[in-house]
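Here's structure08.cif, which has mmCIF, C-alpha atoms:
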```cif
data_query
#
loop_
_atom_site.label_atom_id
_atom_site.label_comp_id
_atom_site.auth_asym_id
_atom_site.auth_seq_id
_atom_site.Cartn_x
_atom_site.Cartn_y
_atom_site.Cartn_z
CA MET O 1 17.49 -13.14 8.60
CA LYS O 2 14.60 -10.98 9.76
CA PRO O 3 12.61 -12.11 12.83
CA LEU O 4 9.34 -12.90 11.02
CA GLU O 5 10.71 -14.57 7.90
CA ASP O 6 8.76 -17.72 6.92
CA TYR O 7 5.54 -16.31 8.42
CA LEU O 8 2.67 -15.89 5.95
CA ILE O 9 0.08 -13.18 6.55
CA ILE O 10 -3.09 -12.93 4.49
CA ASP O 11 -4.38 -9.39 4.82
CA PHE O 12 -7.92 -8.38 3.82
CA SER O 13 -7.66 -4.93 5.40
CA GLN O 14 -8.03 -1.58 3.64
CA PHE O 15 -7.45 2.11 4.29
CA LEU O 16 -4.93 2.79 7.09
CA SER O 17 -5.40 0.90 10.35
CA GLY O 18 -5.05 -2.72 9.21
CA PRO O 19 -2.52 -2.04 6.44
CA SER O 20 -0.33 -0.14 8.92
CA ALA O 21 -0.22 -3.28 11.10
CA SER O 22 0.69 -5.58 8.22
CA LEU O 23 3.28 -3.07 6.99
CA ARG O 24 5.11 -3.30 10.31
CA LEU O 25 5.01 -7.11 10.20
CA ALA O 26 6.25 -7.08 6.61
CA ASP O 27 9.15 -4.83 7.60
CA LEU O 28 10.06 -7.38 10.27
CA GLY O 29 10.26 -10.10 7.63
CA ALA O 30 6.76 -11.54 7.24
CA ARG O 31 5.36 -12.27 3.81
CA VAL O 32 2.16 -10.25 3.41
CA ILE O 33 -0.33 -11.12 0.66
CA LYS O 34 -2.88 -8.35 0.30
CA ILE O 35 -6.34 -9.56 -0.75
CA GLU O 36 -8.08 -7.02 -3.01
CA LYS O 37 -11.26 -6.64 -4.99
CA PRO O 38 -10.69 -7.02 -8.75
CA GLY O 39 -11.02 -3.79 -10.68
CA THR O 40 -10.90 -1.34 -7.77
CA GLY O 41 -8.71 -2.94 -5.09
CA ASP O 42 -8.12 -1.29 -1.75
CA ILE O 43 -10.17 1.93 -1.65
CA CYS O 44 -7.00 3.59 -0.35
CA ARG O 45 -5.58 3.35 -3.88
CA THR O 46 -7.76 6.36 -4.75
CA LEU O 47 -7.81 8.05 -1.32
CA TYR O 48 -5.93 11.24 -2.19
CA THR O 49 -4.80 13.29 0.79
CA SER O 50 -3.03 16.07 -1.08
CA ASP O 51 -3.97 15.47 -4.74
CA LEU O 52 -0.59 13.75 -5.12
CA ILE O 53 -0.82 10.93 -7.63
CA MET O 54 2.16 8.56 -7.70
CA ASN O 55 2.30 6.13 -10.61
CA GLY O 56 -1.44 6.45 -11.08
CA GLU O 57 -2.46 5.92 -7.47
CA SER O 58 -2.64 7.64 -4.07
CA SER O 59 0.53 8.49 -2.18
CA VAL O 60 -1.12 7.09 0.96
CA PHE O 61 -1.50 3.67 -0.64
CA HIS O 62 2.14 3.58 -1.72
CA THR O 63 3.29 4.64 1.74
CA ILE O 64 1.41 2.05 3.74
CA ASN O 65 1.40 -0.93 1.35
CA ARG O 66 5.01 -1.19 0.29
CA ASN O 67 6.75 -4.52 0.79
CA LYS O 68 3.53 -6.50 0.11
CA GLU O 69 2.03 -8.67 -2.63
CA SER O 70 -1.41 -8.12 -4.22
CA PHE O 71 -3.84 -10.93 -4.94
CA ALA O 72 -7.04 -9.74 -6.62
CA ILE O 73 -9.91 -12.19 -6.18
CA ASP O 74 -13.70 -11.95 -6.07
CA PHE O 75 -14.21 -14.13 -3.02
CA LYS O 76 -17.97 -13.56 -3.11
CA GLN O 77 -18.01 -16.07 -5.95
CA PRO O 78 -18.13 -19.67 -4.58
CA GLN O 79 -15.42 -20.97 -6.92
CA GLU O 80 -13.08 -18.10 -6.03
CA LEU O 81 -13.86 -18.45 -2.33
CA ALA O 82 -12.80 -22.09 -2.52
CA LYS O 83 -9.45 -21.02 -4.00
CA LEU O 84 -9.03 -18.42 -1.28
CA LYS O 85 -9.70 -20.96 1.46
CA LYS O 86 -6.87 -23.10 0.10
CA LEU O 87 -4.60 -20.11 0.55
CA LEU O 88 -5.91 -19.36 4.06
CA ALA O 89 -5.15 -22.94 5.06
CA LYS O 90 -1.45 -22.12 4.62
CA ALA O 91 -1.52 -18.82 6.55
CA ASP O 92 0.01 -18.11 9.94
CA VAL O 93 -2.11 -14.96 10.26
CA VAL O 94 -5.40 -13.89 8.68
CA MET O 95 -6.36 -10.28 9.31
CA HIS O 96 -9.07 -7.79 8.29
CA ASN O 97 -10.67 -4.50 9.28
CA PHE O 98 -14.19 -4.96 7.95
CA ARG O 99 -17.21 -3.97 10.00
CA PRO O 100 -18.56 -6.63 12.39
CA GLY O 101 -20.48 -9.31 10.51
CA VAL O 102 -18.91 -8.86 7.07
CA MET O 103 -16.48 -11.79 7.24
CA GLU O 104 -19.21 -13.95 8.80
CA ARG O 105 -21.54 -13.29 5.84
CA ILE O 106 -18.78 -14.18 3.40
CA GLY O 107 -18.06 -17.42 5.23
CA LEU O 108 -14.63 -16.41 6.51
CA SER O 109 -15.31 -15.89 10.21
CA TYR O 110 -12.77 -17.00 12.77
CA GLU O 111 -14.70 -20.22 13.36
CA GLU O 112 -14.87 -20.99 9.63
CA VAL O 113 -11.19 -20.26 9.01
CA LYS O 114 -10.23 -22.29 12.08
CA LYS O 115 -11.90 -25.34 10.52
CA ILE O 116 -9.38 -25.30 7.69
CA ASN O 117 -6.48 -23.89 9.73
CA PRO O 118 -6.85 -24.89 13.42
CA ASN O 119 -3.80 -22.96 14.68
CA VAL O 120 -4.41 -19.76 12.75
CA VAL O 121 -3.94 -16.35 14.34
CA TYR O 122 -7.06 -14.47 13.24
CA ALA O 123 -6.83 -10.73 13.83
CA SER O 124 -9.28 -7.91 13.25
CA ILE O 125 -9.69 -4.18 13.71
CA SER O 126 -13.17 -2.72 14.04
CA GLY O 127 -14.29 0.83 14.64
CA TYR O 128 -16.19 0.24 17.85
CA GLY O 129 -16.07 -3.47 18.68
CA SER O 130 -18.79 -6.05 18.07
CA LYS O 131 -21.23 -4.94 20.79
CA GLY O 132 -23.02 -1.80 21.85
CA ALA O 133 -24.82 1.09 20.22
CA TYR O 134 -21.75 2.24 18.24
CA LYS O 135 -20.85 -1.07 16.59
CA ASP O 136 -22.36 -0.30 13.17
CA LEU O 137 -20.98 3.23 12.89
CA PRO O 138 -18.23 3.94 10.33
CA GLY O 139 -14.77 3.53 11.84
CA GLN O 140 -13.26 6.73 10.49
CA ASP O 141 -10.44 8.52 12.28
CA LEU O 142 -11.96 12.01 12.66
CA LEU O 143 -15.21 10.51 13.92
CA LEU O 144 -13.33 8.46 16.52
CA GLN O 145 -11.33 11.49 17.65
CA SER O 146 -14.61 13.34 18.08
CA LEU O 147 -16.45 10.61 19.98
CA THR O 148 -13.59 9.86 22.38
CA ALA O 149 -12.96 13.43 23.62
CA LEU O 150 -9.51 13.67 21.99
CA THR O 151 -10.49 16.94 20.33
CA TRP O 152 -10.72 18.72 23.71
CA LEU O 153 -7.01 18.24 24.47
CA THR O 154 -5.43 20.10 21.52
CA GLY O 155 -5.54 23.83 20.85
CA ASN O 156 -6.28 26.67 23.27
CA GLU O 157 -9.23 27.07 25.60
CA GLY O 158 -11.22 29.29 23.26
CA ASP O 159 -10.61 27.25 20.11
CA GLY O 160 -13.42 24.76 20.48
CA PRO O 161 -12.68 21.11 19.67
CA VAL O 162 -9.48 20.66 17.64
CA PRO O 163 -8.60 17.35 15.93
CA MET O 164 -5.02 16.15 15.62
CA GLY O 165 -3.46 16.69 12.20
CA LEU O 166 -2.79 12.99 11.62
CA SER O 167 -4.97 9.87 11.44
CA ILE O 168 -3.77 9.06 14.92
CA VAL O 169 -6.51 6.58 15.89
CA ASP O 170 -5.91 4.54 12.73
CA MET O 171 -2.20 4.35 13.48
CA LEU O 172 -2.72 3.47 17.14
CA ALA O 173 -5.17 0.69 16.31
CA GLY O 174 -2.72 -0.68 13.74
CA ALA O 175 0.11 -0.66 16.28
CA HIS O 176 -2.09 -2.41 18.84
CA LEU O 177 -3.10 -5.07 16.32
CA ALA O 178 0.54 -5.72 15.41
CA GLN O 179 1.35 -6.11 19.12
CA GLY O 180 -1.53 -8.54 19.59
CA ILE O 181 -0.49 -10.57 16.55
CA LEU O 182 3.10 -10.82 17.75
CA ALA O 183 1.93 -12.00 21.19
CA ALA O 184 -0.36 -14.58 19.57
CA LEU O 185 2.44 -15.82 17.28
CA TYR O 186 4.67 -16.29 20.32
CA ARG O 187 1.96 -18.34 22.02
CA LYS O 188 1.47 -20.32 18.81
CA VAL O 189 5.15 -21.29 18.86
CA THR O 190 5.28 -22.10 22.58
CA GLN O 191 1.84 -23.70 23.02
CA ASN O 192 0.88 -24.80 19.50
CA THR O 193 -2.42 -22.96 19.54
CA GLY O 194 -4.00 -20.23 17.49
CA ALA O 195 -5.80 -17.12 18.68
CA LEU O 196 -8.48 -14.56 17.96
CA VAL O 197 -6.97 -11.07 18.26
CA GLU O 198 -9.42 -8.17 18.32
CA VAL O 199 -8.74 -4.44 18.45
CA SER O 200 -11.21 -1.58 18.16
CA MET O 201 -10.30 1.96 17.22
CA LEU O 202 -12.55 3.11 20.05
CA GLU O 203 -10.50 1.27 22.69
CA SER O 204 -7.23 2.34 21.08
CA ALA O 205 -8.32 5.98 21.37
CA PHE O 206 -9.22 5.44 25.03
CA ASP O 207 -5.89 3.74 25.73
CA PHE O 208 -4.07 6.66 24.11
CA GLN O 209 -5.59 8.87 26.80
CA PHE O 210 -4.77 6.61 29.75
CA GLU O 211 -3.08 9.44 31.63
CA THR O 212 -5.79 12.05 31.16
CA ILE O 213 -8.65 9.58 31.73
CA THR O 214 -7.03 8.35 34.97
CA THR O 215 -6.62 11.95 36.10
CA PHE O 216 -10.28 12.67 35.36
CA PHE O 217 -11.49 9.69 37.38
CA ASN O 218 -9.29 10.51 40.35
CA ASP O 219 -9.60 14.29 40.35
CA GLY O 220 -13.25 14.67 41.22
CA GLY O 221 -14.48 14.33 37.65
CA GLU O 222 -13.07 17.71 36.63
CA LEU O 223 -13.00 18.13 32.86
CA PRO O 224 -9.61 19.02 31.37
CA VAL O 225 -9.26 22.75 30.73
CA ARG O 226 -6.76 23.94 28.13
CA THR O 227 -4.82 27.11 28.81
CA LYS O 228 -6.02 30.31 27.17
CA THR O 229 -2.82 30.61 25.15
CA ASN O 230 0.17 28.43 24.24
CA ASN O 231 -1.57 25.22 25.30
CA ALA O 232 0.26 21.93 24.79
CA ASN O 233 -1.19 19.80 27.60
CA ALA O 234 -4.41 20.50 29.46
CA TYR O 235 -3.03 18.98 32.67
CA LEU O 236 0.35 20.71 32.80
CA GLY O 237 1.11 24.18 34.12
CA ALA O 238 3.35 26.89 32.72
CA PRO O 239 5.65 27.06 30.89
CA TYR O 240 4.54 23.94 28.96
CA GLY O 241 3.74 25.09 25.42
CA ILE O 242 4.92 26.51 22.11
CA TYR O 243 5.85 30.20 21.94
CA GLN O 244 6.43 32.62 19.10
CA THR O 245 9.81 34.30 18.98
CA LYS O 246 11.10 37.18 16.86
CA ASN O 247 11.92 34.87 13.94
CA GLY O 248 9.96 31.66 14.53
CA TYR O 249 8.71 29.40 17.31
CA MET O 250 10.18 27.44 20.18
CA SER O 251 8.79 24.98 22.71
CA LEU O 252 9.24 24.88 26.45
CA ALA O 253 8.47 21.77 28.49
CA MET O 254 8.32 21.46 32.28
CA GLY O 255 10.51 23.92 34.17
CA SER O 256 10.83 26.15 37.20
CA ILE O 257 9.36 29.62 36.64
CA PRO O 258 11.79 31.36 39.03
CA VAL O 259 14.72 29.74 37.21
CA LEU O 260 13.33 30.77 33.82
CA ALA O 261 12.75 34.30 35.06
CA GLU O 262 16.43 34.64 35.96
CA LEU O 263 17.76 32.99 32.81
CA LEU O 264 15.53 35.01 30.49
CA SER O 265 15.99 38.25 32.47
CA CYS O 266 12.22 38.60 32.66
CA GLU O 267 11.36 40.92 35.53
CA GLU O 268 7.60 40.32 35.33
CA LEU O 269 8.09 36.59 35.86
CA LYS O 270 10.04 37.15 39.06
CA GLN O 271 6.80 37.94 40.91
CA PHE O 272 5.87 34.24 40.75
CA PRO O 273 7.86 32.41 43.44
CA GLU O 274 6.22 29.09 42.59
CA ASN O 275 4.88 27.51 39.43
CA LYS O 276 1.25 27.45 40.53
CA PHE O 277 -1.09 25.58 38.19
CA THR O 278 -3.88 28.09 38.81
CA LEU O 279 -1.66 30.93 37.56
CA ARG O 280 -0.61 29.23 34.33
CA ASP O 281 -2.56 31.56 32.01
CA GLU O 282 -1.02 34.68 33.54
CA ILE O 283 2.47 33.17 33.53
CA LYS O 284 2.18 32.06 29.90
CA SER O 285 0.96 35.47 28.76
CA ILE O 286 3.98 37.18 30.32
CA LEU O 287 6.36 34.57 28.97
CA ALA O 288 4.84 34.76 25.47
CA ALA O 289 5.28 38.53 25.28
CA HIS O 290 8.87 38.33 26.53
CA LEU O 291 9.96 35.59 24.11
CA ARG O 292 8.81 37.62 21.10
CA THR O 293 11.60 40.12 21.76
CA GLN O 294 14.47 37.88 20.57
CA ASP O 295 15.18 35.20 17.96
CA SER O 296 14.72 31.51 18.78
CA GLU O 297 18.46 30.91 18.54
CA TYR O 298 19.13 33.61 21.13
CA TRP O 299 16.81 32.02 23.71
CA LEU O 300 17.96 28.47 22.96
CA GLY O 301 21.56 29.60 23.39
CA ILE O 302 20.69 30.60 26.96
CA LEU O 303 18.34 27.80 27.92
CA GLU O 304 20.01 24.71 26.44
CA PRO O 305 23.36 25.16 28.32
CA ALA O 306 21.30 25.57 31.51
CA ASP O 307 19.67 22.16 30.86
CA ILE O 308 16.21 23.66 30.38
CA TRP O 309 13.92 21.43 28.31
CA CYS O 310 13.37 23.42 25.13
CA ALA O 311 13.51 23.00 21.37
CA ASN O 312 13.25 24.82 18.09
CA VAL O 313 9.98 24.26 16.22
CA LEU O 314 10.86 22.93 12.77
CA ASN O 315 8.94 22.35 9.57
CA TYR O 316 9.76 19.44 7.23
CA GLU O 317 12.22 21.45 5.16
CA GLN O 318 14.14 22.53 8.25
CA LEU O 319 13.93 19.09 9.88
CA PHE O 320 15.33 17.18 6.92
CA ALA O 321 18.32 19.54 6.76
CA GLN O 322 19.27 18.73 10.37
CA GLU O 323 22.22 16.44 11.06
CA GLY O 324 20.15 14.80 13.79
CA PHE O 325 17.73 13.59 11.12
CA LYS O 326 20.32 12.68 8.51
CA VAL O 327 22.26 10.42 10.87
CA LEU O 328 19.18 8.21 11.37
CA ASP O 329 19.15 7.16 7.70
CA PHE O 330 15.36 7.11 8.00
CA VAL O 331 14.50 7.60 4.31
CA GLN O 332 14.64 4.66 1.93
CA GLN O 333 14.16 4.35 -1.83
CA VAL O 334 11.73 1.63 -2.92
CA GLU O 335 10.85 0.39 -6.39
CA MET O 336 7.65 -1.08 -7.81
CA LEU O 337 7.57 -4.01 -10.22
CA ASP O 338 7.13 -1.66 -13.22
CA GLY O 339 10.28 0.29 -12.28
CA TYR O 340 8.58 3.26 -10.63
CA SER O 341 10.58 4.28 -7.54
CA TYR O 342 9.84 6.63 -4.68
CA LYS O 343 11.22 7.78 -1.35
CA THR O 344 9.48 6.84 1.88
CA THR O 345 10.22 6.10 5.53
CA ARG O 346 11.68 2.87 6.87
CA CYS O 347 10.72 0.67 9.81
CA PRO O 348 11.56 2.48 13.10
CA VAL O 349 12.47 -0.76 14.93
CA ARG O 350 16.08 -1.88 15.37
CA ILE O 351 17.06 -5.34 16.62
CA ASP O 352 20.67 -6.01 17.56
CA GLY O 353 21.50 -2.67 15.98
CA GLU O 354 20.13 -3.72 12.59
CA LEU O 355 17.94 -1.43 10.51
CA PHE O 356 15.00 -3.13 8.78
CA THR O 357 14.69 -1.85 5.24
CA SER O 358 13.29 -3.27 2.02
CA GLY O 359 13.55 -1.94 -1.50
CA LYS O 360 10.18 -3.46 -2.49
CA GLY O 361 7.55 -0.86 -3.32
CA SER O 362 3.78 -1.17 -3.25
CA PRO O 363 2.09 -3.71 -5.57
CA LYS O 364 -0.01 -3.00 -8.62
CA LEU O 365 -3.50 -4.45 -8.23
CA GLY O 366 -3.35 -8.20 -8.77
CA GLN O 367 0.28 -8.18 -9.88
CA ASP O 368 1.10 -11.35 -7.91
CA ASN O 369 -1.98 -13.40 -8.87
CA GLN O 370 -0.32 -15.89 -11.18
CA ASN O 371 2.68 -16.50 -8.91
CA ILE O 372 0.41 -17.09 -5.91
CA ILE O 373 -1.94 -19.37 -7.88
CA ASN O 374 1.00 -21.44 -9.07
CA GLU O 375 2.85 -21.55 -5.74
CA PHE O 376 -0.19 -22.55 -3.66
CA ASN O 377 -1.84 -24.69 -6.36
CA LEU O 378 -5.03 -22.63 -6.32
CA SER O 379 -6.16 -23.31 -9.89
#
```

Would it be possible to restate this file's structure as structure tokens?
Amino acid sequence: MKPLEDYLIIDFSQFLSGPSASLRLADLGARVIKIEKPGTGDICRTLYTSDLIMNGESSVFHTINRNKESFAIDFKQPQELAKLKKLLAKADVVMHNFRPGVMERIGLSYEEVKKINPNVVYASISGYGSKGAYKDLPGQDLLLQSLTALTWLTGNEGDGPVPMGLSIVDMLAGAHLAQGILAALYRKVTQNTGALVEVSMLESAFDFQFETITTFFNDGGELPVRTKTNNANAYLGAPYGIYQTKNGYMSLAMGSIPVLAELLSCEELKQFPENKFTLRDEIKSILAAHLRTQDSEYWLGILEPADIWCANVLNYEQLFAQEGFKVLDFVQQVEMLDGYSYKTTRCPVRIDGELFTSGKGSPKLGQDNQNIINEFNLS
């Protein structure tokens, strides 16, 4: 039995942040009913990231909405809203990621839902919270990365702002919402009370930078400066970075420069008796030129036995061929109601050594309407 079995989650959220939270809860056993607009559904159904269409819809939607049910209902219509409220009365969790004020205008605010379900856990993700000058701005990942200074931590000094290659703020906010929901469910069990759980993408992006922000505040307000080349962390000295070799790339984490100089037989590096932060650009330039003279495997064969923190830089094709990936059994095959099947990742959490997998794929829009109407007597 999975930990969250018998918990019912009604999820109004779209795109990535909210659905990523409900996906994790579904993987842990919760029943997730996804509320969608008739005709179009979650906008993510047509949000194509690579022009890959899977069974008529976006690969992103299939990835993040597997293991859920779809209930299509026009809750702006009074009669349909009444049906929906009957469903919400049975929910353990109600969640959404609409802009502030949207659920209030519909009549499904926390206070309204609490009237029909006093112990409900009501959870929301917003872009910027419910107060302040930003609150009505669109909560989109790239915009949040830009506004929260994240783009000044990646890339080299001369690159200008560089965004991360993933929707990282969406995923962080979703993880934070799942954590908040789990804490609220625990309190619901122990104290018989509901909760209002609120997460903003803005605060999630700030929390992600807790180390760099703390350094800024306690280091005289000095802005982070990326290294001129091979940057991987604006606050770490050489050798920290990714370096090109004769046949690929390799990464080097923290390490003693004098020790590296000896191991790599790099005479130019031997002039640096200490790993001084102020000399990191010069050290990295020397190291980068030296590492290009041999293959990655040659350098790793020297450094790994010496317990130097280093790694090969792999692409997906190389990664999935590695025994270290295969042994995790991280890919699962899921199947939709119409028989369409696809490969995707599984839940990364293990409890008592158990992997949490489910063969249930993403739902077609409204595919579960009749079952839900019958089960919860919504007609």

Legend entry - Given the PyMOL selection byres ((chain O and resi 54-64) around 8), the residues it picks as a list in words: Phe15, Leu16, Pro19, Ser20, Leu23, Cys44, Arg45, Thr46, Leu47, Tyr48, Thr49, Asp51, Leu52, Ile53, Asn65, Arg66, Tyr340, Thr344, Gly361 and Ser362 of chain O

Inset, instruction - Would you list the contacts of O:Thr229 as an MDAnalysis selection string, taking every protein, DNA or RNA residue within 8 Å and counting only C-alpha atoms, but skipping same-chain residues closer than 3 positions in sequence? - result: chainID O and resid 156:157 281 284:285

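Here the PyMOL selection byres ((chain O and resi 324-330) around 10) catches exactly these residues: Leu319, Phe320, Ala321, Gln322, Glu323, Val331, Gln332, Thr344, Thr345, Arg346, Cys347, Pro348, Leu355 and Thr357 of chain O.
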
Inset, instruction - Can you pull out every residue within 6 Å of stretch 294-300 of chain O, counting only C-alpha atoms, but drop anything in the same chain fewer than 4 positions away, and send it as a list in words? - result: Thr245, Lys246, Asn247 and Glu304 of chain O

Kindly compute an axis-aligned box around the listed atoms of stretch 197-202 of chain O, allowing 3 Å on each side, and express its centre and edge lengths in Å to one decimal as AutoDock Vina command-line options.
```
--center_x -9.8 --center_y -4.0 --center_z 18.6 --size_x 11.6 --size_y 20.2 --size_z 8.8
```

Just say which residues the PyMOL selection byres ((chain O and resi 312) around 8) picks in this file, as a CSV table (one decimal) with C-alpha atoms, in the frame of the given file.
```csv
chain,number,residue,atom,x,y,z
O,249,TYR,CA,8.7,29.4,17.3
O,250,MET,CA,10.2,27.4,20.2
O,251,SER,CA,8.8,25.0,22.7
O,296,SER,CA,14.7,31.5,18.8
O,300,LEU,CA,18.0,28.5,23.0
O,310,CYS,CA,13.4,23.4,25.1
O,311,ALA,CA,13.5,23.0,21.4
O,313,VAL,CA,10.0,24.3,16.2
O,314,LEU,CA,10.9,22.9,12.8
```

N, CA, C and O atoms are what I want for stretch 365-378 of chain O; can you complete it accordingly and write them as a compact mmCIF listing (two decimals), keeping the file's coordinate frame?
```
# COMPACT_ATOMS: atom_id res chain seq x y z
N LEU O 365 -2.36 -3.60 -8.55
CA LEU O 365 -3.50 -4.45 -8.23
C LEU O 365 -3.40 -5.79 -8.97
O LEU O 365 -3.32 -5.83 -10.20
N GLY O 366 -3.36 -6.86 -8.19
CA GLY O 366 -3.35 -8.20 -8.77
C GLY O 366 -2.05 -8.62 -9.41
O GLY O 366 -2.01 -9.65 -10.10
N GLN O 367 -0.97 -7.88 -9.17
CA GLN O 367 0.28 -8.18 -9.88
C GLN O 367 0.85 -9.55 -9.53
O GLN O 367 1.60 -10.14 -10.30
N ASP O 368 0.50 -10.09 -8.36
CA ASP O 368 1.10 -11.35 -7.91
C ASP O 368 0.15 -12.54 -8.08
O ASP O 368 0.44 -13.64 -7.59
N ASN O 369 -0.98 -12.33 -8.75
CA ASN O 369 -1.98 -13.40 -8.87
C ASN O 369 -1.41 -14.71 -9.39
O ASN O 369 -1.57 -15.77 -8.78
N GLN O 370 -0.76 -14.65 -10.55
CA GLN O 370 -0.32 -15.89 -11.18
C GLN O 370 0.72 -16.62 -10.34
O GLN O 370 0.67 -17.85 -10.20
N ASN O 371 1.66 -15.87 -9.75
CA ASN O 371 2.68 -16.50 -8.91
C ASN O 371 2.05 -17.18 -7.70
O ASN O 371 2.43 -18.29 -7.33
N ILE O 372 1.05 -16.52 -7.08
CA ILE O 372 0.41 -17.09 -5.91
C ILE O 372 -0.43 -18.31 -6.29
O ILE O 372 -0.42 -19.33 -5.59
N ILE O 373 -1.14 -18.22 -7.42
CA ILE O 373 -1.94 -19.37 -7.88
C ILE O 373 -1.06 -20.56 -8.14
O ILE O 373 -1.37 -21.71 -7.75
N ASN O 374 0.08 -20.34 -8.77
CA ASN O 374 1.00 -21.44 -9.07
C ASN O 374 1.64 -22.01 -7.81
O ASN O 374 1.70 -23.23 -7.61
N GLU O 375 2.13 -21.12 -6.95
CA GLU O 375 2.85 -21.55 -5.74
C GLU O 375 1.96 -22.35 -4.80
O GLU O 375 2.39 -23.37 -4.22
N PHE O 376 0.71 -21.90 -4.62
CA PHE O 376 -0.19 -22.55 -3.66
C PHE O 376 -1.19 -23.49 -4.32
O PHE O 376 -2.10 -23.97 -3.65
N ASN O 377 -0.99 -23.72 -5.61
CA ASN O 377 -1.84 -24.69 -6.36
C ASN O 377 -3.31 -24.34 -6.19
O ASN O 377 -4.13 -25.19 -5.78
N LEU O 378 -3.66 -23.10 -6.51
CA LEU O 378 -5.03 -22.63 -6.32
C LEU O 378 -5.92 -22.81 -7.54
O LEU O 378 -7.12 -22.55 -7.47
```
